[in-house]
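S.K.: Sharing run_37.txt, compact mmCIF, C-alpha atoms and all ligand atoms:
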```txt
# COMPACT_ATOMS: atom_id res chain seq x y z
CA LEU A 1 -8.44 144.00 13.61
CA ASN A 2 -9.35 140.73 11.91
CA ARG A 3 -7.00 138.09 13.34
CA GLN A 4 -5.79 137.09 9.89
CA LEU A 5 -4.46 140.62 9.57
CA ALA A 6 -2.81 140.83 12.99
CA GLU A 7 0.67 140.75 11.46
CA PHE A 8 -0.07 143.74 9.24
CA GLY A 9 0.34 147.01 11.12
CA THR A 10 1.30 150.30 9.48
CA THR A 11 3.04 149.72 6.15
CA ILE A 12 6.76 150.21 6.13
CA PHE A 13 6.30 152.92 3.47
CA ALA A 14 4.11 155.08 5.69
CA GLU A 15 6.41 154.49 8.67
CA MET A 16 9.56 155.41 6.79
CA SER A 17 8.06 158.41 4.95
CA ALA A 18 6.89 159.78 8.32
CA LEU A 19 10.40 159.28 9.68
CA ALA A 20 11.84 161.16 6.69
CA VAL A 21 9.53 164.09 7.40
CA SER A 22 10.12 164.15 11.17
CA THR A 23 13.91 163.98 10.81
CA GLY A 24 14.19 166.16 7.69
CA SER A 25 15.95 163.29 5.90
CA ILE A 26 16.26 162.64 2.18
CA ASN A 27 13.56 160.08 1.45
CA LEU A 28 14.89 157.24 -0.69
CA GLY A 29 12.42 154.89 1.00
CA GLN A 30 8.92 154.97 -0.46
CA GLY A 31 8.91 154.70 -4.23
CA PHE A 32 7.41 157.90 -5.56
CA PRO A 33 9.05 160.34 -7.97
CA ASP A 34 9.91 163.85 -6.77
CA THR A 35 9.11 165.21 -10.23
CA ASP A 36 5.53 164.99 -11.50
CA GLY A 37 4.62 163.48 -14.86
CA PRO A 38 4.18 165.45 -18.11
CA GLU A 39 2.64 168.93 -17.96
CA GLU A 40 0.35 168.17 -20.91
CA ILE A 41 -1.11 165.20 -19.03
CA ARG A 42 -1.71 167.33 -15.92
CA GLU A 43 -3.45 169.81 -18.21
CA ALA A 44 -5.59 167.00 -19.62
CA ALA A 45 -6.79 166.22 -16.07
CA VAL A 46 -7.58 169.88 -15.44
CA ARG A 47 -9.46 170.09 -18.73
CA ALA A 48 -11.55 167.03 -17.86
CA LEU A 49 -12.41 168.54 -14.46
CA ARG A 50 -13.35 171.91 -15.99
CA GLU A 51 -15.36 170.40 -18.80
CA GLY A 52 -17.26 168.21 -16.38
CA ARG A 53 -15.92 164.91 -17.70
CA GLY A 54 -15.72 162.31 -14.95
CA ASN A 55 -16.93 164.47 -12.08
CA GLN A 56 -19.79 162.06 -11.46
CA TYR A 57 -19.51 158.26 -11.18
CA PRO A 58 -17.80 157.01 -14.31
CA PRO A 59 -18.69 153.55 -15.69
CA GLY A 60 -17.72 150.65 -13.40
CA PRO A 61 -15.16 149.06 -15.74
CA GLY A 62 -13.56 152.46 -16.47
CA ILE A 63 -14.30 155.08 -19.12
CA PRO A 64 -14.28 153.67 -22.67
CA GLU A 65 -11.51 156.09 -23.75
CA LEU A 66 -9.15 154.68 -21.14
CA ARG A 67 -10.06 151.05 -21.72
CA THR A 68 -9.43 151.57 -25.43
CA ALA A 69 -6.08 153.25 -24.69
CA ILE A 70 -5.01 150.38 -22.38
CA ALA A 71 -5.89 147.80 -25.02
CA ALA A 72 -4.06 149.82 -27.70
CA HIS A 73 -0.98 150.05 -25.46
CA GLN A 74 -0.89 146.25 -24.94
CA GLN A 75 -1.25 145.80 -28.70
CA ARG A 76 1.34 148.38 -29.69
CA ARG A 77 4.00 147.35 -27.15
CA TYR A 78 3.53 143.60 -26.99
CA GLY A 79 1.22 142.53 -29.82
CA LEU A 80 -1.32 141.39 -27.20
CA SER A 81 -4.89 141.95 -28.21
CA TYR A 82 -7.58 142.67 -25.60
CA ASP A 83 -11.17 143.70 -26.18
CA PRO A 84 -11.61 147.06 -24.44
CA ASP A 85 -15.24 146.23 -23.62
CA THR A 86 -14.81 142.83 -22.02
CA GLU A 87 -11.13 142.32 -21.28
CA VAL A 88 -9.98 145.53 -19.58
CA LEU A 89 -10.81 146.85 -16.12
CA VAL A 90 -9.68 150.18 -14.65
CA THR A 91 -8.81 150.02 -10.94
CA ALA A 92 -7.83 152.37 -8.14
CA GLY A 93 -4.12 151.84 -8.71
CA ALA A 94 -2.38 148.50 -9.04
CA THR A 95 -3.00 148.04 -5.32
CA GLU A 96 -6.72 147.61 -5.87
CA ALA A 97 -6.07 145.45 -8.92
CA ILE A 98 -4.00 143.09 -6.77
CA ALA A 99 -6.52 142.98 -3.92
CA ALA A 100 -9.55 142.58 -6.18
CA SER A 101 -7.84 139.86 -8.25
CA LEU A 102 -6.89 137.82 -5.20
CA LEU A 103 -10.28 138.29 -3.53
CA ALA A 104 -11.96 137.26 -6.78
CA LEU A 105 -9.87 134.21 -7.52
CA LEU A 106 -8.99 132.67 -4.15
CA GLU A 107 -11.07 130.55 -1.87
CA SER A 108 -10.29 130.01 1.77
CA GLY A 109 -7.24 127.78 2.17
CA ASP A 110 -6.03 128.14 -1.43
CA GLU A 111 -2.29 128.46 -1.76
CA VAL A 112 -0.60 131.26 -3.66
CA VAL A 113 2.97 130.80 -4.76
CA ALA A 114 4.63 134.22 -4.72
CA LEU A 115 8.16 135.39 -5.35
CA GLU A 116 9.93 136.46 -2.17
CA PRO A 117 10.82 139.22 -1.38
CA TYR A 118 7.22 140.22 -2.21
CA TYR A 119 5.61 143.64 -2.41
CA ASP A 120 3.88 144.16 0.95
CA SER A 121 0.30 144.36 -0.30
CA TYR A 122 0.54 140.82 -1.73
CA ALA A 123 0.77 139.23 1.70
CA ALA A 124 -2.05 141.37 3.09
CA SER A 125 -4.33 140.76 0.10
CA ILE A 126 -3.72 137.01 0.21
CA ALA A 127 -4.63 137.08 3.91
CA LEU A 128 -7.77 139.17 3.24
CA ALA A 129 -8.82 136.55 0.71
CA GLY A 130 -8.25 133.74 3.23
CA GLY A 131 -5.45 132.30 1.12
CA ARG A 132 -2.08 131.00 2.19
CA ARG A 133 1.13 132.43 0.78
CA VAL A 134 3.90 130.08 -0.22
CA PRO A 135 7.03 132.10 -0.90
CA VAL A 136 9.76 131.12 -3.34
CA THR A 137 12.84 133.11 -2.48
CA LEU A 138 14.93 134.92 -5.06
CA ARG A 139 18.56 134.49 -4.04
CA PRO A 140 21.68 136.51 -4.81
CA HIS A 141 23.68 134.96 -7.60
CA ASP A 142 26.38 136.77 -9.59
CA GLY A 143 25.18 140.25 -8.70
CA SER A 144 21.43 139.80 -9.05
CA PHE A 145 18.57 138.00 -7.32
CA ARG A 146 17.51 134.91 -9.27
CA LEU A 147 14.61 132.51 -9.21
CA ASP A 148 15.36 128.83 -8.68
CA LEU A 149 12.98 127.07 -11.05
CA ASP A 150 13.22 123.77 -9.17
CA GLU A 151 12.17 125.52 -5.97
CA LEU A 152 9.29 127.09 -7.85
CA ARG A 153 8.14 123.70 -9.11
CA ALA A 154 8.49 122.17 -5.67
CA ALA A 155 6.34 124.92 -4.14
CA VAL A 156 3.30 123.97 -6.23
CA THR A 157 0.97 121.51 -4.49
CA ALA A 158 -2.53 120.18 -5.08
CA ARG A 159 -3.82 123.20 -3.13
CA THR A 160 -2.06 125.81 -5.27
CA ARG A 161 -4.58 128.05 -6.98
CA LEU A 162 -2.37 130.67 -8.50
CA LEU A 163 1.10 132.02 -9.09
CA LEU A 164 1.68 135.64 -8.17
CA ILE A 165 4.51 137.02 -10.28
CA ASN A 166 6.14 140.44 -10.40
CA THR A 167 8.51 141.49 -13.16
CA PRO A 168 10.36 143.88 -13.19
CA HIS A 169 10.60 142.93 -9.54
CA ASN A 170 10.26 145.21 -6.54
CA PRO A 171 12.46 145.37 -4.43
CA THR A 172 15.30 143.42 -6.10
CA GLY A 173 15.22 145.02 -9.56
CA THR A 174 15.31 141.59 -11.18
CA VAL A 175 13.74 141.30 -14.62
CA LEU A 176 12.70 137.73 -15.34
CA THR A 177 14.31 136.39 -18.50
CA ARG A 178 12.57 134.79 -21.44
CA ALA A 179 13.72 131.36 -20.25
CA GLU A 180 12.49 131.95 -16.70
CA LEU A 181 9.12 133.21 -17.91
CA ALA A 182 8.81 130.30 -20.32
CA ALA A 183 9.41 127.90 -17.43
CA ILE A 184 6.81 129.67 -15.28
CA ALA A 185 4.35 129.48 -18.16
CA GLU A 186 5.00 125.77 -18.69
CA LEU A 187 4.46 125.10 -15.02
CA ALA A 188 1.21 127.08 -14.99
CA VAL A 189 -0.11 125.20 -17.99
CA GLU A 190 1.01 121.80 -16.71
CA ARG A 191 -0.56 122.33 -13.27
CA ASP A 192 -3.51 124.31 -14.61
CA LEU A 193 -2.82 127.37 -12.47
CA LEU A 194 -4.02 130.92 -12.78
CA VAL A 195 -1.34 133.61 -12.84
CA VAL A 196 -1.59 137.14 -11.53
CA THR A 197 1.33 139.17 -12.84
CA ASP A 198 2.21 142.61 -11.56
CA GLU A 199 3.97 144.43 -14.38
CA VAL A 200 3.73 148.00 -13.08
CA TYR A 201 7.43 148.62 -13.88
CA GLU A 202 7.06 147.35 -17.46
CA HIS A 203 8.60 150.52 -18.91
CA LEU A 204 11.57 150.61 -16.56
CA VAL A 205 14.05 148.07 -17.92
CA PHE A 206 17.73 148.78 -18.43
CA ASP A 207 20.82 147.56 -20.25
CA ASP A 208 20.02 144.47 -22.27
CA ALA A 209 17.02 143.43 -20.17
CA GLU A 210 13.66 143.23 -21.89
CA HIS A 211 10.19 143.26 -20.39
CA LEU A 212 8.17 140.33 -21.68
CA PRO A 213 4.57 140.06 -20.48
CA LEU A 214 3.73 136.62 -19.13
CA ALA A 215 0.45 136.76 -21.04
CA SER A 216 2.42 136.60 -24.30
CA PHE A 217 3.75 133.07 -23.60
CA PRO A 218 2.04 129.97 -25.03
CA GLY A 219 -1.03 128.93 -23.06
CA MET A 220 -0.91 132.03 -20.86
CA ARG A 221 -3.32 134.48 -22.49
CA GLU A 222 -6.30 132.58 -21.08
CA ARG A 223 -5.00 132.07 -17.54
CA THR A 224 -3.21 135.36 -16.79
CA VAL A 225 -4.39 138.51 -15.07
CA THR A 226 -1.96 141.29 -16.01
CA ILE A 227 -1.70 144.40 -13.84
CA GLY A 228 -0.39 147.83 -14.85
CA SER A 229 -0.34 151.32 -13.28
CA ALA A 230 -0.20 154.93 -14.43
CA GLY A 231 1.43 155.80 -11.12
CA LYS A 232 4.71 154.22 -12.14
CA THR A 233 4.73 154.76 -15.89
CA PHE A 234 3.68 158.41 -15.88
CA SER A 235 4.90 159.54 -12.45
CA PHE A 236 1.46 160.23 -11.02
CA THR A 237 1.41 157.93 -8.00
CA GLY A 238 -1.18 160.16 -6.33
CA TRP A 239 -3.76 159.65 -9.08
CA LYS A 240 -4.24 155.97 -8.31
CA VAL A 241 -5.14 154.80 -11.77
CA GLY A 242 -4.29 151.17 -12.50
CA TRP A 243 -5.70 148.40 -14.66
CA VAL A 244 -6.20 144.74 -15.29
CA THR A 245 -6.20 142.96 -18.64
CA ALA A 246 -7.41 139.35 -18.88
CA THR A 247 -10.09 137.16 -20.45
CA PRO A 248 -13.74 138.22 -20.11
CA GLU A 249 -14.31 135.56 -17.41
CA LEU A 250 -11.38 136.72 -15.31
CA VAL A 251 -12.12 140.42 -15.78
CA THR A 252 -15.75 139.85 -14.82
CA ALA A 253 -14.63 138.08 -11.65
CA VAL A 254 -12.24 140.90 -10.69
CA ARG A 255 -14.84 143.51 -11.54
CA SER A 256 -17.45 141.91 -9.31
CA VAL A 257 -15.08 142.40 -6.37
CA LYS A 258 -14.04 145.90 -7.42
CA GLN A 259 -17.70 146.95 -7.37
CA PHE A 260 -17.72 146.46 -3.61
CA LEU A 261 -14.29 147.88 -2.86
CA THR A 262 -14.45 151.23 -4.65
CA TYR A 263 -17.35 150.77 -7.09
CA VAL A 264 -15.55 152.94 -9.66
CA SER A 265 -12.22 154.75 -9.95
CA SER A 266 -11.83 158.52 -9.93
CA GLY A 267 -13.11 160.02 -13.20
CA PRO A 268 -11.11 163.01 -14.47
CA PHE A 269 -7.75 161.25 -14.05
CA GLN A 270 -8.97 158.47 -16.30
CA TYR A 271 -9.33 160.93 -19.17
CA ALA A 272 -5.81 162.18 -18.57
CA VAL A 273 -4.29 158.69 -18.37
CA ALA A 274 -6.03 157.77 -21.62
CA GLU A 275 -4.06 160.61 -23.24
CA ALA A 276 -0.86 159.57 -21.47
CA LEU A 277 -1.04 156.01 -22.82
CA ALA A 278 -1.21 157.45 -26.32
CA LEU A 279 2.01 159.48 -25.89
CA PRO A 280 4.60 158.67 -28.56
CA ASP A 281 7.24 156.01 -27.92
CA SER A 282 9.72 158.84 -27.35
CA TYR A 283 8.03 159.66 -24.01
CA PHE A 284 8.53 156.11 -22.72
CA GLU A 285 12.10 155.99 -23.99
CA GLU A 286 12.98 159.35 -22.46
CA PHE A 287 11.43 158.32 -19.12
CA ARG A 288 13.41 155.07 -19.17
CA ARG A 289 16.66 156.85 -20.00
CA SER A 290 16.22 159.44 -17.32
CA MET A 291 15.71 156.70 -14.71
CA LEU A 292 18.70 154.79 -16.06
CA ALA A 293 20.92 157.85 -15.52
CA ARG A 294 19.59 158.08 -11.95
CA ARG A 295 20.21 154.41 -11.34
CA ASP A 296 23.83 154.87 -12.29
CA ILE A 297 24.30 157.90 -10.04
CA LEU A 298 22.86 156.10 -7.03
CA ALA A 299 24.61 152.80 -7.79
CA GLU A 300 28.00 154.56 -7.98
CA GLY A 301 27.25 156.51 -4.81
CA LEU A 302 26.18 153.47 -2.82
CA THR A 303 29.20 151.52 -4.03
CA ALA A 304 31.49 154.37 -2.98
CA ALA A 305 29.76 154.42 0.41
CA GLY A 306 30.68 150.76 0.90
CA PHE A 307 27.40 148.99 0.20
CA GLN A 308 27.28 145.89 -1.97
CA VAL A 309 25.04 147.01 -4.81
CA PHE A 310 22.79 144.71 -6.83
CA ARG A 311 22.56 146.83 -9.97
CA PRO A 312 18.90 146.53 -10.98
CA ALA A 313 17.89 145.52 -14.51
CA GLY A 314 14.49 147.13 -13.89
CA THR A 315 12.24 149.20 -11.52
CA TYR A 316 13.43 152.34 -9.75
CA PHE A 317 14.89 150.57 -6.73
CA ILE A 318 18.36 149.39 -5.79
CA THR A 319 18.74 146.58 -3.29
CA THR A 320 21.99 146.62 -1.35
CA ASP A 321 23.71 144.29 1.10
CA ILE A 322 24.85 146.15 4.22
CA ARG A 323 27.26 143.51 5.50
CA PRO A 324 30.33 145.13 3.92
CA LEU A 325 29.57 148.07 6.24
CA GLY A 326 29.83 145.77 9.24
CA GLU A 327 26.05 145.74 9.64
CA LYS A 328 23.71 142.78 9.50
CA ASP A 329 20.25 143.93 10.60
CA GLY A 330 18.52 145.99 7.92
CA PHE A 331 15.69 147.00 10.27
CA ALA A 332 18.03 148.44 12.87
CA PHE A 333 20.13 150.01 10.13
CA CYS A 334 17.13 151.75 8.49
CA ARG A 335 15.74 152.95 11.81
CA ALA A 336 19.11 154.52 12.68
CA LEU A 337 19.95 155.83 9.22
CA PRO A 338 18.02 159.14 9.47
CA GLU A 339 19.97 160.08 12.63
CA ARG A 340 23.27 158.76 11.34
CA ALA A 341 23.15 160.06 7.79
CA GLY A 342 19.92 161.97 7.12
CA VAL A 343 18.71 159.41 4.60
CA VAL A 344 15.70 157.08 4.66
CA ALA A 345 15.70 153.60 3.09
CA ILE A 346 13.54 150.47 3.35
CA PRO A 347 14.60 147.22 5.08
CA ASN A 348 13.90 144.39 2.62
CA ALA A 349 13.17 142.05 5.56
CA VAL A 350 9.57 143.35 5.56
CA PHE A 351 9.11 141.66 2.19
CA TYR A 352 10.14 138.23 3.51
CA ASP A 353 8.42 135.49 5.55
CA ASP A 354 11.94 134.36 6.29
CA ARG A 355 13.08 137.61 7.93
CA GLU A 356 16.55 136.13 8.53
CA ALA A 357 17.02 135.67 4.78
CA GLY A 358 16.05 139.29 4.15
CA ALA A 359 17.89 140.81 7.12
CA PRO A 360 21.04 142.14 5.42
CA PHE A 361 19.27 143.79 2.48
CA VAL A 362 18.19 147.42 2.25
CA ARG A 363 16.37 149.14 -0.62
CA PHE A 364 16.97 152.67 -1.95
CA ALA A 365 14.67 154.39 -4.48
CA PHE A 366 16.27 156.40 -7.29
CA CYS A 367 13.16 158.07 -8.77
CA LYS A 368 14.48 161.36 -7.41
CA ARG A 369 16.15 164.45 -8.88
CA LYS A 370 19.84 164.00 -9.65
CA ASP A 371 20.91 166.65 -7.14
CA VAL A 372 18.90 164.86 -4.46
CA LEU A 373 20.59 161.54 -5.29
CA GLN A 374 23.97 163.24 -5.23
CA ALA A 375 23.25 164.86 -1.87
CA ALA A 376 22.10 161.50 -0.47
CA THR A 377 25.26 159.73 -1.60
CA GLU A 378 27.44 162.47 -0.09
CA ARG A 379 25.69 161.86 3.20
CA LEU A 380 25.98 158.08 2.95
CA ILE A 381 29.69 158.19 2.18
CA LYS A 382 30.23 159.59 5.68
CA LEU A 383 29.07 156.23 7.09
CA ARG A 384 32.38 154.69 6.12
N1 LIG A 401 3.00 146.69 -7.35
C1 LIG A 401 4.27 147.00 -7.14
C2 LIG A 401 5.33 146.01 -7.44
C3 LIG A 401 4.60 148.27 -6.64
O1 LIG A 401 5.86 148.58 -6.42
C4 LIG A 401 3.58 149.19 -6.36
C5 LIG A 401 3.90 150.51 -5.77
N2 LIG A 401 3.64 151.47 -6.65
C6 LIG A 401 2.26 148.81 -6.61
C7 LIG A 401 2.01 147.55 -7.10
C8 LIG A 401 1.09 149.72 -6.33
O2 LIG A 401 0.83 150.53 -7.40
P1 LIG A 401 -0.29 151.68 -7.33
O3 LIG A 401 0.37 152.86 -6.73
O4 LIG A 401 -0.71 151.87 -8.73
O5 LIG A 401 -1.40 151.18 -6.46
N1 LIG A 402 5.25 150.88 -4.44
C1 LIG A 402 5.92 151.84 -3.62
C2 LIG A 402 7.21 151.25 -3.09
O1 LIG A 402 7.48 150.08 -3.24
C3 LIG A 402 5.14 152.30 -2.42
C4 LIG A 402 3.67 152.37 -2.52
C5 LIG A 402 3.06 152.40 -1.16
O2 LIG A 402 3.45 153.21 -0.33
N2 LIG A 402 2.15 151.54 -0.89
O3 LIG A 402 7.96 151.98 -2.52
```
Would you encode the structure as C-alpha cells?
M.R.:
Amino acid sequence: LNRQLAEFGTTIFAEMSALAVSTGSINLGQGFPDTDGPEEIREAAVRALREGRGNQYPPGPGIPELRTAIAAHQQRRYGLSYDPDTEVLVTAGATEAIAASLLALLESGDEVVALEPYYDSYAASIALAGGRRVPVTLRPHDGSFRLDLDELRAAVTARTRLLLINTPHNPTGTVLTRAELAAIAELAVERDLLVVTDEVYEHLVFDDAEHLPLASFPGMRERTVTIGSAGKTFSFTGWKVGWVTATPELVTAVRSVKQFLTYVSSGPFQYAVAEALALPDSYFEEFRRSMLARRDILAEGLTAAGFQVFRPAGTYFITTDIRPLGEKDGFAFCRALPERAGVVAIPNAVFYDDREAGAPFVRFAFCKRKDVLQAATERLIKLR
C-alpha cells in the first residue's frame, strides 16, 4: 500500500457491518436504510434495463435526462441555476464525487480545512491527492456539536487551497446555520478559497433547522463544488449514483479525473434517478417525516438506556456520549457491544485526528424500521 495510505485499513463501516453479521446483531452502524426506496423508481430502473437504455457506456458527464433533473432539483429547491450541459456531473456515488473533486483541485502539499469529526473518505481522498488535512473540531455546546468560527479562521493559512464542508453533518447531526454558513462564505471569499461541500443529507433536516446550500451565499456560486447523492435521498445506497454541481471550469476539472476513475457511472440507474428527482415535494416531505419519527424513537431509547444523546437536527445518525454509562473508550465499547447487547454502532473516534477528543462518542444510525429500532433500544436498556 502507498505509504500515504498506510493509516487507512479496512473502513470502520465494513468492519462493523461484518461484526453485525457474524454476531447476528442489530446493525445501527453503517448508514444504509433497511427499507428500499420507492417501488416506482425501482420499476423505472427495471424498465431502463429491459428497454436497453444505459446498458452500454452512457455519456461521460451522465445521461442528459439525469443532468437536467439534477439542475431542475437545484432550481426548484434552492433557486440555484446550473446548466445541465456544462455545470452538472454524474458520479459513482458521492464517494467518487469527493475523491474526484479533491484529486482535481489539490496539488501536493495543499492544505484542506475540514470539519472534524469528518466522514472517513475525506481523509483518504485528501491523502490520495497528496494534500494535508487541517481539522477544525466541532465541539459539544448546549446539546449539539458547534463550529468555532475563530478556530476556522485560524486554521486557514497561505497553503490552504480549499474548505471541505459537510452539512447536514455526519456523524454529529449538526446542520450549519445561516450565520455559520455566511461566515464560512465570507472567509472563502476573503481568502480566495475553493469550497467542496458535501450535502448528501440535504433532505434530512428536522425541527426548525433548514438546509441552506453554501453555493447560494454571496460570492460562493463560482467557487463551490456541491455534492449530492441518490443513495441518501432515495434510499438506494447500492445504486451508487451521485453528482456534482459547479461552474463549467470546476466541473470540467472534476470530470477529467472521473474519466480515469470510473470513466462513466452505471447507466440504467441514472434513468431511474432522473425520475426520482422529479418526484413531487410530497415524497421528500414524507421521507423526512418518516426519518424524524425514527430519530425520536431512537433518541428516547438511547436516553432511557443512559446515553447522553445529541439530538440531531439533520442526517440519519445520532451521536451519543457514553460517559454517563461509566465508559470512556468508544472503540472498546463498540467492539464489545455486539456481545454485550447484540447491537452494532460506530465509534466516532475514527472520524478524528485527535482520537482523544472523539473517544467518548458513539454513533447510531436510525434509518431502520421502527420495530428494529425498538428492539435495539430494548437490548441497550439492559446495559444499565
Ligand atoms: N458523504 C457523507 C457525509 C456520507 O455520509 C456518505 C455515506 N453515504 C457519503 C458521502 C457517500 O455517499 P455515496 O454512498 O453516495 O457514495
Ligand atoms: N455513509 C455511510 C455512513 O456514514 C456509510 C457508507 C460507507 O460504508 N462507506 O454510515
S.K.: Taking every listed atom of ligand LIG 402 (chain A) and adding 4 Å to each side, what centre and edge lengths in Å (one decimal) does the axis-aligned box have, as AutoDock Vina command-line options?
M.R.:
```
--center_x 5.1 --center_y 151.6 --center_z -2.4 --size_x 13.8 --size_y 11.1 --size_z 12.1
```
S.K.: Between atom CA of A:Val205 and atom CA of A:Ala313, what is the distance, to one decimal in Å?
M.R.: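 Result for atom CA of A:Val205 versus atom CA of A:Ala313: 5.7 Å, one decimal.
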S.K.: Counting all atoms listed in the file, which residue out of A:Asp329, A:Glu15, A:Glu180, A:Glu116 sits closest to ligand LIG 402 (chain A)?
M.R.: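 Nearest candidate to ligand LIG 402 (chain A) out of A:Asp329, A:Glu15, A:Glu180, A:Glu116: A:Glu15.
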S.K.: Measuring between only C-alpha atoms, which one of A:Arg47, A:Thr303, A:Gln30, A:Pro324 shows the shortest distance to A:Ala18?
M.R.: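 Among the listed residues, the smallest separation from A:Ala18 belongs to A:Gln30.
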S.K.: Find the nearest atom pair between each residue of chain A and ligand LIG 402 (chain A) for residues within 8 Å, count all atoms listed in the file, give distances in Å to one decimal, sort rows by chain and ascending number, and present the table as CSV.
M.R.:
```
residue,atom,partner,partner_atom,distance
A:Thr11,CA,A:LIG402,N2,7.3
A:Ile12,CA,A:LIG402,O2,7.9
A:Phe13,CA,A:LIG402,O2,4.8
A:Ala14,CA,A:LIG402,O2,6.3
A:Gly29,CA,A:LIG402,O3,6.4
A:Gln30,CA,A:LIG402,O3,3.8
A:Gly31,CA,A:LIG402,O3,3.4
A:Phe32,CA,A:LIG402,C1,6.5
A:Thr95,CA,A:LIG402,N2,7.6
A:Tyr119,CA,A:LIG402,O1,6.8
A:Asp120,CA,A:LIG402,N2,7.8
A:Ser121,CA,A:LIG402,N2,7.4
A:Asn170,CA,A:LIG402,O1,6.5
A:Pro171,CA,A:LIG402,O1,7.0
A:Ala365,CA,A:LIG402,O3,7.4
```
S.K.: A:Phe217: which residues within 12 Å, counting all atoms listed in the file, same-chain residues fewer than 3 positions away excluded, as a PDB file with C-alpha atoms, in the frame of the given file?
M.R.:
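And here's result_5.pdb as it stands now:
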```
ATOM      1  CA  TYR A  78       3.530 143.600 -26.990  1.00  0.00           C
ATOM      2  CA  GLY A  79       1.220 142.530 -29.820  1.00  0.00           C
ATOM      3  CA  LEU A  80      -1.320 141.390 -27.200  1.00  0.00           C
ATOM      4  CA  ARG A 178      12.570 134.790 -21.440  1.00  0.00           C
ATOM      5  CA  ALA A 179      13.720 131.360 -20.250  1.00  0.00           C
ATOM      6  CA  GLU A 180      12.490 131.950 -16.700  1.00  0.00           C
ATOM      7  CA  LEU A 181       9.120 133.210 -17.910  1.00  0.00           C
ATOM      8  CA  ALA A 182       8.810 130.300 -20.320  1.00  0.00           C
ATOM      9  CA  ALA A 183       9.410 127.900 -17.430  1.00  0.00           C
ATOM     10  CA  ILE A 184       6.810 129.670 -15.280  1.00  0.00           C
ATOM     11  CA  ALA A 185       4.350 129.480 -18.160  1.00  0.00           C
ATOM     12  CA  GLU A 186       5.000 125.770 -18.690  1.00  0.00           C
ATOM     13  CA  LEU A 187       4.460 125.100 -15.020  1.00  0.00           C
ATOM     14  CA  ALA A 188       1.210 127.080 -14.990  1.00  0.00           C
ATOM     15  CA  VAL A 189      -0.110 125.200 -17.990  1.00  0.00           C
ATOM     16  CA  VAL A 195      -1.340 133.610 -12.840  1.00  0.00           C
ATOM     17  CA  LEU A 212       8.170 140.330 -21.680  1.00  0.00           C
ATOM     18  CA  PRO A 213       4.570 140.060 -20.480  1.00  0.00           C
ATOM     19  CA  LEU A 214       3.730 136.620 -19.130  1.00  0.00           C
ATOM     20  CA  MET A 220      -0.910 132.030 -20.860  1.00  0.00           C
ATOM     21  CA  ARG A 221      -3.320 134.480 -22.490  1.00  0.00           C
ATOM     22  CA  GLU A 222      -6.300 132.580 -21.080  1.00  0.00           C
ATOM     23  CA  ARG A 223      -5.000 132.070 -17.540  1.00  0.00           C
ATOM     24  CA  THR A 224      -3.210 135.360 -16.790  1.00  0.00           C
TER      25      THR A 224
END
```
S.K.: List all protein, DNA and RNA residues that have at least one atom no more than 7 Å from any atom of ligand LIG 401 (chain A), counting only C-alpha atoms and all ligand atoms, and write them as a ChimeraX atom specification.
M.R.: /A:31,92-96,119,166,169-170,198,200,229-232,237,240-242
S.K.: Can you measure atom CA of A:Glu356 to atom CA of A:Gly314 for me? One decimal in Å is fine.
M.R.: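 That distance, rounded to one decimal, is 25.1 Å.
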S.K.: Can you pull out the residues contacting A:Pro168? Cut-off 6 Å, using only C-alpha atoms, and skip same-chain residues under 2 positions away; I want them as a PyMOL selection string.
M.R.: chain A and resi 174-175+201+314-315
S.K.: From the set A:Arg323, A:Phe317, A:Gly62, A:Leu383, which residue has the shortest atom-to-atom contact distance to A:Arg340, counting all atoms listed in the file?
M.R.: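 So, comparing all the options, the nearest one is A:Leu383.
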S.K.: Rounded to one decimal in Å, what is the spacing between atom CA of A:Phe307 and atom CA of A:Ala341?
M.R.: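 We find that atom CA of A:Phe307 and atom CA of A:Ala341 lie 14.1 Å from each other.
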S.K.: Taking 3 positions as the minimum chain separation for residues in the same chain, which residues sit within 6 Å of stretch 244-259 of chain A when counting all atoms listed in the file? Answer as a ChimeraX atom specification.
M.R.: /A:86-89,100-101,104,222,225-227,263
S.K.: Ranking A:Ala305, A:Pro38, A:Ala293, A:Glu190 by minimum distance to A:Pro218 and counting all atoms listed in the file, which one comes first?
M.R.: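 Ranked by minimum distance to A:Pro218, first place goes to A:Glu190.
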S.K.: Considering all atoms listed in the file, return as a PyMOL selection string whatever protein or nucleic-acid residues lie within 9 Å of A:Tyr122, sequence-local ones (same chain, fewer than 3 positions apart) excluded.
M.R.: chain A and resi 95+98-99+102+114+118-119+125-127+133+164
S.K.: Mind dumping the selected residues with C-alpha atoms as a compact mmCIF listing (two decimals), keeping the file's coordinate frame?
M.R.:
```
# COMPACT_ATOMS: atom_id res chain seq x y z
CA THR A 95 -3.00 148.04 -5.32
CA ILE A 98 -4.00 143.09 -6.77
CA ALA A 99 -6.52 142.98 -3.92
CA LEU A 102 -6.89 137.82 -5.20
CA ALA A 114 4.63 134.22 -4.72
CA TYR A 118 7.22 140.22 -2.21
CA TYR A 119 5.61 143.64 -2.41
CA SER A 125 -4.33 140.76 0.10
CA ILE A 126 -3.72 137.01 0.21
CA ALA A 127 -4.63 137.08 3.91
CA ARG A 133 1.13 132.43 0.78
CA LEU A 164 1.68 135.64 -8.17
```
S.K.: Which residue gives the smallest distance to A:Asn348 among A:Arg363, A:Arg76, A:Arg335, A:Arg139, with only C-alpha atoms counted?
M.R.: A:Arg363
